[in-house]
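The file run-v4.cif comes next; it holds mmCIF, C-alpha atoms.
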```cif
data_entry
loop_
_atom_site.label_atom_id
_atom_site.label_comp_id
_atom_site.auth_asym_id
_atom_site.auth_seq_id
_atom_site.Cartn_x
_atom_site.Cartn_y
_atom_site.Cartn_z
CA MET A 1 58.18 -41.10 -9.99
CA ILE A 2 56.19 -37.92 -9.32
CA THR A 3 55.94 -37.28 -13.06
CA LYS A 4 54.70 -40.83 -13.62
CA ILE A 5 52.01 -40.49 -10.93
CA ILE A 6 50.79 -37.17 -12.32
CA SER A 7 50.72 -38.72 -15.80
CA GLU A 8 48.54 -41.63 -14.58
CA ILE A 9 46.17 -39.22 -12.84
CA LYS A 10 45.80 -37.12 -15.97
CA LYS A 11 45.00 -40.22 -18.09
CA ALA A 12 42.38 -41.59 -15.72
CA LYS A 13 38.64 -41.13 -16.10
CA GLU A 14 37.84 -42.43 -12.63
CA ILE A 15 40.08 -42.62 -9.56
CA ILE A 16 39.46 -44.38 -6.24
CA ILE A 17 41.57 -43.37 -3.24
CA TYR A 18 41.92 -45.78 -0.32
CA ARG A 19 43.69 -45.48 3.06
CA HIS A 20 44.29 -47.75 6.04
CA VAL A 21 41.79 -49.04 8.60
CA SER A 22 41.36 -47.10 11.87
CA PRO A 23 42.65 -43.98 10.10
CA ASP A 24 44.66 -41.22 11.70
CA GLY A 25 44.97 -37.64 10.51
CA ASP A 26 47.67 -38.48 7.98
CA ALA A 27 45.65 -41.26 6.34
CA LEU A 28 42.53 -39.08 6.05
CA GLY A 29 44.43 -35.91 5.25
CA SER A 30 46.36 -37.60 2.45
CA GLN A 31 43.23 -39.21 1.06
CA TYR A 32 40.99 -36.14 1.07
CA GLY A 33 43.81 -33.74 0.22
CA LEU A 34 44.61 -35.71 -2.92
CA LYS A 35 40.93 -35.95 -3.84
CA ALA A 36 40.44 -32.19 -3.41
CA PHE A 37 43.54 -31.53 -5.54
CA ILE A 38 42.25 -33.73 -8.37
CA ASN A 39 38.79 -32.16 -8.18
CA LEU A 40 40.26 -28.67 -8.47
CA ASN A 41 42.85 -29.30 -11.17
CA PHE A 42 41.21 -32.09 -13.21
CA PRO A 43 37.46 -31.51 -12.80
CA LYS A 44 36.51 -33.96 -15.56
CA ILE A 45 37.89 -36.90 -13.57
CA ASN A 46 35.49 -38.67 -11.23
CA VAL A 47 37.34 -39.27 -7.96
CA TYR A 48 36.15 -41.21 -4.92
CA ALA A 49 37.54 -41.23 -1.38
CA ILE A 50 36.60 -44.51 0.30
CA ASN A 51 35.89 -44.06 4.01
CA PRO A 52 33.91 -47.14 5.17
CA GLU A 53 34.30 -46.26 8.84
CA ASP A 54 32.98 -42.72 8.22
CA GLU A 55 35.79 -41.22 10.28
CA THR A 56 35.62 -37.42 10.13
CA MET A 57 37.97 -36.30 12.96
CA ASN A 58 35.65 -33.83 14.63
CA GLY A 59 34.25 -32.70 11.30
CA ILE A 60 37.53 -31.90 9.52
CA PHE A 61 36.76 -34.47 6.83
CA PRO A 62 33.51 -35.32 5.03
CA GLU A 63 31.95 -38.77 4.93
CA GLY A 64 33.25 -41.17 2.32
CA ASP A 65 32.04 -41.91 -1.20
CA LYS A 66 30.34 -45.05 -2.47
CA LEU A 67 32.34 -47.28 -4.77
CA PRO A 68 31.61 -46.89 -8.49
CA ASN A 69 30.00 -49.88 -10.20
CA LYS A 70 32.95 -50.77 -12.42
CA ILE A 71 36.18 -50.84 -10.42
CA LYS A 72 38.12 -52.44 -13.28
CA ASN A 73 38.03 -49.19 -15.24
CA CYS A 74 39.46 -47.12 -12.38
CA LEU A 75 42.89 -46.01 -11.30
CA VAL A 76 43.39 -46.99 -7.65
CA ILE A 77 45.59 -44.90 -5.34
CA ILE A 78 46.34 -46.21 -1.85
CA VAL A 79 47.83 -43.76 0.64
CA ASP A 80 49.59 -44.18 3.99
CA THR A 81 49.12 -47.96 4.03
CA ALA A 82 52.12 -50.28 4.30
CA ASN A 83 50.32 -53.65 4.15
CA THR A 84 47.48 -54.85 1.95
CA ASP A 85 45.63 -56.39 4.89
CA ARG A 86 45.26 -52.89 6.39
CA ILE A 87 43.61 -51.31 3.34
CA SER A 88 40.16 -50.05 4.30
CA GLY A 89 37.56 -50.87 1.67
CA LEU A 90 36.77 -53.56 -0.87
CA LYS A 91 37.82 -54.33 -4.43
CA TRP A 92 40.98 -52.19 -4.41
CA SER A 93 42.91 -54.94 -6.23
CA GLU A 94 40.52 -54.81 -9.19
CA GLY A 95 41.73 -51.42 -10.41
CA THR A 96 43.30 -50.96 -13.84
CA LYS A 97 46.48 -49.77 -12.16
CA ILE A 98 47.42 -49.42 -8.50
CA ILE A 99 49.57 -46.61 -7.11
CA LYS A 100 51.01 -46.83 -3.59
CA ILE A 101 52.05 -43.60 -1.83
CA ASP A 102 53.44 -44.11 1.66
CA HIS A 103 56.11 -43.22 4.21
CA HIS A 104 56.15 -46.51 6.14
CA PRO A 105 58.82 -49.18 5.52
CA ASN A 106 57.95 -51.02 2.31
CA THR A 107 57.43 -54.44 3.92
CA ASP A 108 54.52 -55.32 1.60
CA ASP A 109 55.69 -54.48 -1.90
CA TYR A 110 52.32 -54.08 -3.61
CA GLY A 111 51.27 -51.72 -6.39
CA ASP A 112 52.19 -51.13 -10.03
CA ILE A 113 53.68 -47.73 -9.20
CA LYS A 114 55.22 -47.12 -5.77
CA LEU A 115 56.31 -43.86 -4.20
CA VAL A 116 57.53 -44.89 -0.73
CA ASN A 117 59.96 -42.78 1.27
CA VAL A 118 60.55 -43.51 4.96
CA LYS A 119 62.49 -40.26 5.38
CA TYR A 120 59.28 -38.27 5.12
CA ALA A 121 57.44 -37.48 8.34
CA ALA A 122 54.00 -38.00 6.81
CA THR A 123 52.38 -39.28 3.65
CA ALA A 124 50.71 -35.87 3.42
CA GLU A 125 54.20 -34.41 3.09
CA ILE A 126 54.85 -36.63 0.07
CA ILE A 127 51.53 -35.70 -1.52
CA THR A 128 52.24 -32.01 -0.93
CA GLU A 129 55.49 -32.44 -2.83
CA ILE A 130 53.61 -34.14 -5.68
CA ILE A 131 50.95 -31.44 -6.02
CA THR A 132 53.46 -28.56 -5.78
CA SER A 133 55.82 -30.09 -8.34
CA ASP A 134 54.26 -28.01 -11.13
CA PRO A 135 53.63 -24.28 -10.56
CA LYS A 136 50.62 -24.53 -12.88
CA PHE A 137 48.71 -26.65 -10.35
CA LYS A 138 46.17 -24.81 -8.22
CA ILE A 139 46.07 -25.31 -4.44
CA ASP A 140 43.29 -23.85 -2.34
CA LYS A 141 42.53 -23.63 1.39
CA LEU A 142 40.58 -26.90 1.40
CA ILE A 143 43.50 -28.87 0.00
CA ALA A 144 45.83 -27.13 2.43
CA LYS A 145 43.56 -27.85 5.40
CA TYR A 146 43.46 -31.57 4.67
CA LEU A 147 47.18 -31.99 4.00
CA LEU A 148 48.27 -29.80 6.92
CA THR A 149 46.07 -31.91 9.17
CA GLY A 150 48.00 -34.95 7.98
CA ILE A 151 51.39 -33.34 8.55
CA ILE A 152 50.49 -31.84 11.93
CA THR A 153 49.04 -35.08 13.34
CA ASP A 154 51.87 -37.36 12.14
CA THR A 155 54.55 -35.01 13.46
CA GLY A 156 52.90 -34.26 16.80
CA SER A 157 52.67 -30.59 15.77
CA PHE A 158 56.24 -30.70 14.42
CA ARG A 159 57.66 -32.14 17.68
CA TYR A 160 58.85 -35.58 16.51
CA SER A 161 62.35 -36.46 15.35
CA SER A 162 60.97 -37.35 11.91
CA VAL A 163 60.48 -33.65 11.13
CA SER A 164 62.98 -32.36 8.58
CA GLU A 165 63.67 -29.20 6.65
CA ASN A 166 61.55 -30.65 3.84
CA THR A 167 58.61 -31.18 6.22
CA LEU A 168 58.64 -27.50 7.13
CA LEU A 169 59.10 -26.51 3.49
CA MET A 170 56.05 -28.53 2.41
CA ALA A 171 54.01 -27.09 5.30
CA SER A 172 55.03 -23.57 4.28
CA ARG A 173 53.79 -24.19 0.73
CA LEU A 174 50.38 -25.09 2.16
CA TRP A 175 50.39 -22.17 4.57
CA LYS A 176 50.70 -19.79 1.61
CA THR A 177 47.01 -20.42 0.86
CA ASN A 178 46.21 -18.47 4.07
CA VAL A 179 44.54 -21.54 5.52
CA LYS A 180 43.32 -20.96 9.07
CA SER A 181 45.71 -23.07 11.10
CA GLN A 182 43.86 -22.40 14.35
CA VAL A 183 40.80 -24.18 12.96
CA ILE A 184 42.96 -27.23 12.22
CA TYR A 185 44.53 -27.26 15.69
CA ASP A 186 41.16 -26.80 17.39
CA SER A 187 39.65 -29.67 15.42
CA ILE A 188 42.57 -32.00 16.10
CA TYR A 189 43.03 -31.35 19.79
CA ARG A 190 39.61 -30.44 21.10
CA LYS A 191 37.86 -33.21 23.01
CA SER A 192 34.30 -33.95 23.99
CA LEU A 193 33.46 -34.45 27.65
CA LYS A 194 33.05 -38.17 26.96
CA GLN A 195 36.51 -38.37 25.40
CA ILE A 196 38.04 -36.48 28.30
CA LYS A 197 36.43 -38.88 30.77
CA TYR A 198 37.84 -41.82 28.81
CA ASN A 199 41.26 -40.17 28.90
CA GLY A 200 40.89 -39.89 32.67
CA PHE A 201 40.13 -43.62 32.85
CA VAL A 202 43.27 -44.48 30.91
CA LEU A 203 45.48 -42.13 32.91
CA SER A 204 44.10 -43.52 36.17
CA ASN A 205 44.62 -47.16 35.22
CA PHE A 206 47.73 -47.54 33.07
CA LYS A 207 50.73 -49.24 34.67
CA VAL A 208 54.48 -48.82 34.41
CA LYS A 209 57.05 -51.59 34.74
CA ASN A 210 60.64 -50.42 34.64
CA ASN A 211 60.37 -47.79 31.88
CA VAL A 212 57.53 -49.46 29.93
CA ALA A 213 54.01 -48.05 30.26
CA TYR A 214 51.16 -50.37 29.32
CA PHE A 215 47.39 -50.37 29.28
CA ILE A 216 44.85 -52.98 28.19
CA ALA A 217 41.47 -51.44 27.45
CA PRO A 218 38.58 -53.62 28.66
CA LYS A 219 36.37 -55.11 25.96
CA LYS A 220 33.46 -52.86 24.91
CA ILE A 221 34.90 -49.92 26.88
CA GLU A 222 33.82 -47.63 24.03
CA SER A 223 30.19 -48.40 24.86
CA LYS A 224 30.66 -47.54 28.53
CA TYR A 225 32.14 -44.12 27.72
CA ASP A 226 30.13 -43.62 24.52
CA VAL A 227 33.19 -42.91 22.38
CA SER A 228 34.17 -44.43 19.03
CA TYR A 229 36.39 -47.48 18.84
CA SER A 230 38.70 -45.42 16.64
CA TYR A 231 39.20 -43.02 19.54
CA VAL A 232 39.80 -45.87 21.98
CA SER A 233 42.32 -47.59 19.72
CA SER A 234 44.30 -44.41 18.98
CA SER A 235 44.96 -43.29 22.56
CA VAL A 236 48.48 -44.68 22.94
CA GLY A 237 49.97 -41.18 23.03
CA MET A 238 48.76 -40.62 26.57
CA LEU A 239 51.10 -43.33 27.86
CA MET A 240 54.16 -41.53 26.51
CA GLY A 241 53.67 -38.41 28.63
CA PRO A 242 55.61 -39.31 31.79
CA ILE A 243 59.32 -38.44 31.76
CA GLU A 244 60.13 -41.86 33.20
CA VAL A 245 58.49 -43.73 30.30
CA LYS A 246 60.63 -44.77 27.31
CA TYR A 247 58.31 -47.37 25.76
CA ALA A 248 54.57 -47.90 25.67
CA MET A 249 52.14 -50.67 24.76
CA TYR A 250 48.47 -49.86 24.34
CA VAL A 251 46.00 -52.71 23.76
CA SER A 252 42.36 -52.57 22.66
CA TRP A 253 39.82 -55.16 21.52
CA ASP A 254 38.38 -54.75 18.02
CA GLN A 255 35.07 -56.55 18.33
CA ARG A 256 34.21 -56.02 14.66
CA SER A 257 37.16 -58.14 13.56
CA SER A 258 37.65 -60.12 16.79
CA PHE A 259 41.31 -59.38 17.43
CA TRP A 260 43.47 -57.44 19.88
CA ARG A 261 45.01 -54.30 18.41
CA ILE A 262 48.39 -53.39 19.90
CA SER A 263 50.10 -50.01 19.45
CA LEU A 264 53.77 -49.69 20.36
CA ARG A 265 55.69 -46.46 20.92
CA SER A 266 59.28 -45.61 21.79
CA LYS A 267 61.37 -42.62 22.86
CA ALA A 268 64.56 -44.67 22.62
CA LYS A 269 65.33 -47.91 20.76
CA PRO A 270 63.31 -49.13 17.73
CA VAL A 271 60.22 -51.23 18.46
CA ASN A 272 59.13 -52.07 14.92
CA LYS A 273 61.08 -55.35 14.92
CA ILE A 274 58.95 -56.47 17.85
CA ALA A 275 55.82 -55.66 15.86
CA GLN A 276 57.20 -57.49 12.82
CA LYS A 277 57.97 -60.55 14.93
CA PHE A 278 54.25 -60.86 15.66
CA GLY A 279 53.04 -60.06 12.14
CA GLY A 280 52.77 -56.27 12.39
CA GLY A 281 54.87 -53.36 11.25
CA GLY A 282 55.25 -49.61 11.01
CA HIS A 283 57.82 -46.96 11.87
CA THR A 284 60.85 -47.65 14.04
CA GLN A 285 59.37 -45.82 17.03
CA ALA A 286 55.65 -45.99 16.25
CA CYS A 287 54.14 -49.23 15.02
CA GLY A 288 51.42 -51.78 15.66
CA LEU A 289 50.04 -55.24 15.19
CA LYS A 290 46.97 -57.34 15.82
CA LEU A 291 46.62 -60.58 17.73
CA LYS A 292 44.03 -63.31 18.07
CA ASN A 293 45.58 -64.84 21.17
CA LYS A 294 45.59 -62.58 24.23
CA LYS A 295 48.43 -64.64 25.75
CA ASP A 296 50.81 -63.16 23.16
CA ILE A 297 50.43 -59.74 24.81
CA LYS A 298 52.65 -60.97 27.65
CA LYS A 299 55.26 -62.08 25.12
CA ILE A 300 55.31 -58.60 23.59
CA MET A 301 55.68 -57.05 27.04
CA LYS A 302 58.71 -59.27 27.69
CA GLU A 303 60.25 -58.09 24.42
CA LEU A 304 59.75 -54.45 25.45
CA LEU A 305 61.30 -55.05 28.85
CA LYS A 306 64.44 -56.33 27.11
CA LEU A 307 64.97 -52.89 25.53
CA GLN A 308 66.83 -51.49 28.52
#
```
Written as structure tokens, that's how I'd like the structure from this file.
Amino acid sequence: MITKIISEIKKAKEIIIYRHVSPDGDALGSQYGLKAFINLNFPKINVYAINPEDETMNGIFPEGDKLPNKIKNCLVIIVDTANTDRISGLKWSEGTKIIKIDHHPNTDDYGDIKLVNVKYAATAEIITEIITSDPKFKIDKLIAKYLLTGIITDTGSFRYSSVSENTLLMASRLWKTNVKSQVIYDSIYRKSLKQIKYNGFVLSNFKVKNNVAYFIAPKKIESKYDVSYSYVSSSVGMLMGPIEVKYAMYVSWDQRSSFWRISLRSKAKPVNKIAQKFGGGGHTQACGLKLKNKKDIKKIMKELLKLQ
């Protein structure tokens, strides 16, 4: 499959790379890492990274590119996105050929070429394996910075159970570029005063029932604390800190799309079946969904409380 993907990249004149909405470090790292690799090794190919939300993660990533005029002539690559309804950007389905590269369960079987492996800790790990498959390919510090950001964020700095020998091997291949890892860590984990104050709000107001932590962010809370909605919606990790907590549900209101976004996390039993039951999906212990009806949040909480 790797050979087939490389072959399609080499044949293309224009490539558009998409990722999922409300991107994390793996989505952005995979997207920009792949773009930087193509730019370095195949400079005649025009490649675009679509980033409609202009997420830059404290300046690690640049702003996105504008779509070319003729999508039908382009190869489309979609990274780190399990479901088509989560693809960020328009016209992705109009590409000449669509390649899906992902590490989430393949619940939405889209794409002409699919490289999906749930055993990998991050999509950036898969892409690293692709771009290091041929010793003739060049890899510089920029590529390494982007892809290491993806691996580091999706593994919690190599703390999660998804980390394997292969994860560390792929990271070591990137580290050989002498990329400055401290810069990556500083950019990922540093916080503005406004973000820290929002964190304080969450930590002061979340609740725990049995071993389930939960928090429902008030509507428009991002305006009150002057932080991005992306930051608000991605703060579920704070709920998993207490030793007593095994499961977490973090809820935020996406006013742009008018739905409730729910993130579920687990230190014990799988929670992805709960997400799937309500139209979502993801990893066994880290997944999410979106709801129109706020009353369904209570139903999800009941499902979590059953996991005792």
Would you compute the distance between atom CA of A:Gln255 and atom CA of A:Tyr229? Give it in Å to one decimal.
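So the answer is 9.2 Å.
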For stretch 200-206 of chain A, list every protein, DNA or RNA residue within 10 Å, evaluated using only C-alpha atoms, and leave out those in the same chain fewer than 5 positions away; present the list as number ranges by chain.
A: 194-195, 213-217, 225, 232, 235-236, 238-239, 241, 249-250
Could you dump the residues just selected with C-alpha atoms as an mmCIF file, in the coordinates of the input?
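Output saved as out.cif:
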```
data_model
loop_
_atom_site.group_PDB
_atom_site.id
_atom_site.type_symbol
_atom_site.label_atom_id
_atom_site.label_comp_id
_atom_site.auth_asym_id
_atom_site.auth_seq_id
_atom_site.Cartn_x
_atom_site.Cartn_y
_atom_site.Cartn_z
ATOM 1 C CA LYS A 194 33.050 -38.170 26.960
ATOM 2 C CA GLN A 195 36.510 -38.370 25.400
ATOM 3 C CA ALA A 213 54.010 -48.050 30.260
ATOM 4 C CA TYR A 214 51.160 -50.370 29.320
ATOM 5 C CA PHE A 215 47.390 -50.370 29.280
ATOM 6 C CA ILE A 216 44.850 -52.980 28.190
ATOM 7 C CA ALA A 217 41.470 -51.440 27.450
ATOM 8 C CA TYR A 225 32.140 -44.120 27.720
ATOM 9 C CA VAL A 232 39.800 -45.870 21.980
ATOM 10 C CA SER A 235 44.960 -43.290 22.560
ATOM 11 C CA VAL A 236 48.480 -44.680 22.940
ATOM 12 C CA MET A 238 48.760 -40.620 26.570
ATOM 13 C CA LEU A 239 51.100 -43.330 27.860
ATOM 14 C CA GLY A 241 53.670 -38.410 28.630
ATOM 15 C CA MET A 249 52.140 -50.670 24.760
ATOM 16 C CA TYR A 250 48.470 -49.860 24.340
#
```
At what distance in Å, to one decimal, does atom CA of A:Thr56 lie from atom CA of A:Pro68?
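Computing the Euclidean distance for atom CA of A:Pro68 and atom CA of A:Thr56 yields 21.3 Å.
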The PyMOL selection byres ((chain A and resi 171) around 9) - which residues does that actually catch in the file I just gave you? List them as a list in words.
Glu125, Thr128, Ala144, Leu147, Leu148, Ile151, Ile152, Asn166, Thr167, Leu168, Leu169, Met170, Ser172, Arg173, Leu174, Trp175 and Lys176 of chain A
Applied to the shown file, which residues does the PyMOL selection byres ((chain A and resi 97) around 12) return, written as a list in words?
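Applying the PyMOL selection byres ((chain A and resi 97) around 12) to the structure shown produces Ile5, Glu8, Ile9, Lys11, Ala12, Glu14, Ile15, Ile16, Ile71, Lys72, Asn73, Cys74, Leu75, Val76, Ile77, Ile78, Trp92, Ser93, Glu94, Gly95, Thr96, Ile98, Ile99, Lys100, Tyr110, Gly111, Asp112, Ile113 and Lys114 of chain A.
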Selection file, C-alpha atoms, as a PDB file, in the frame of the given file:
```pdb
ATOM      1  CA  ILE A   5      52.010 -40.490 -10.930  1.00  0.00           C
ATOM      2  CA  GLU A   8      48.540 -41.630 -14.580  1.00  0.00           C
ATOM      3  CA  ILE A   9      46.170 -39.220 -12.840  1.00  0.00           C
ATOM      4  CA  LYS A  11      45.000 -40.220 -18.090  1.00  0.00           C
ATOM      5  CA  ALA A  12      42.380 -41.590 -15.720  1.00  0.00           C
ATOM      6  CA  GLU A  14      37.840 -42.430 -12.630  1.00  0.00           C
ATOM      7  CA  ILE A  15      40.080 -42.620  -9.560  1.00  0.00           C
ATOM      8  CA  ILE A  16      39.460 -44.380  -6.240  1.00  0.00           C
ATOM      9  CA  ILE A  71      36.180 -50.840 -10.420  1.00  0.00           C
ATOM     10  CA  LYS A  72      38.120 -52.440 -13.280  1.00  0.00           C
ATOM     11  CA  ASN A  73      38.030 -49.190 -15.240  1.00  0.00           C
ATOM     12  CA  CYS A  74      39.460 -47.120 -12.380  1.00  0.00           C
ATOM     13  CA  LEU A  75      42.890 -46.010 -11.300  1.00  0.00           C
ATOM     14  CA  VAL A  76      43.390 -46.990  -7.650  1.00  0.00           C
ATOM     15  CA  ILE A  77      45.590 -44.900  -5.340  1.00  0.00           C
ATOM     16  CA  ILE A  78      46.340 -46.210  -1.850  1.00  0.00           C
ATOM     17  CA  TRP A  92      40.980 -52.190  -4.410  1.00  0.00           C
ATOM     18  CA  SER A  93      42.910 -54.940  -6.230  1.00  0.00           C
ATOM     19  CA  GLU A  94      40.520 -54.810  -9.190  1.00  0.00           C
ATOM     20  CA  GLY A  95      41.730 -51.420 -10.410  1.00  0.00           C
ATOM     21  CA  THR A  96      43.300 -50.960 -13.840  1.00  0.00           C
ATOM     22  CA  ILE A  98      47.420 -49.420  -8.500  1.00  0.00           C
ATOM     23  CA  ILE A  99      49.570 -46.610  -7.110  1.00  0.00           C
ATOM     24  CA  LYS A 100      51.010 -46.830  -3.590  1.00  0.00           C
ATOM     25  CA  TYR A 110      52.320 -54.080  -3.610  1.00  0.00           C
ATOM     26  CA  GLY A 111      51.270 -51.720  -6.390  1.00  0.00           C
ATOM     27  CA  ASP A 112      52.190 -51.130 -10.030  1.00  0.00           C
ATOM     28  CA  ILE A 113      53.680 -47.730  -9.200  1.00  0.00           C
ATOM     29  CA  LYS A 114      55.220 -47.120  -5.770  1.00  0.00           C
TER      30      LYS A 114
END
```
Would you translate the PyMOL selection byres ((chain A and resi 145) around 9) into the concrete set of residues it matches in this file, as a list in words?
Gly29, Gly33, Ile60, Asp140, Lys141, Leu142, Ile143, Ala144, Tyr146, Leu147, Leu148, Thr149, Gly150, Leu174, Trp175, Val179, Lys180, Ser181, Val183 and Ile184 of chain A
What's the separation between atom CA of A:Ile2 and atom CA of A:Lys136, in Å to one decimal place?
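Atom CA of A:Lys136 lies at a distance of 14.9 Å from atom CA of A:Ile2.
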Could you tell me which of A:Gly25, A:Pro62, A:Pro218, A:Pro105 comes closest to A:Tyr189 if we count only C-alpha atoms?
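Counting only C-alpha atoms, the residue closest to A:Tyr189 is A:Gly25.
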Using all atoms listed in the file, which of the listed residues (A:Ile17, A:Lys294, A:Leu115, A:Tyr231) sits closest to A:Thr3?
A:Leu115
Interface rows for stretch 31-132 of chain A against stretch 275-287 of chain A: nearest pair, Å to one decimal, 9 Å, only C-alpha atoms, as a tab-separated table:
```
residue	atom	partner	partner_atom	distance
A:Ala82	CA	A:Gly282	CA	7.4
A:Asn83	CA	A:Gly281	CA	8.4
A:His103	CA	A:His283	CA	8.7
A:His104	CA	A:Gly282	CA	5.8
A:Pro105	CA	A:Gly282	CA	6.6
A:Thr107	CA	A:Gly281	CA	7.8
A:Val118	CA	A:His283	CA	8.2
```
May I ask which of the residues A:Ser234, A:Asn41, A:Ser258, A:Gln308 is the closest one to A:Asn199, counting all atoms listed in the file?
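Of all the options, A:Ser234 lies closest to A:Asn199.
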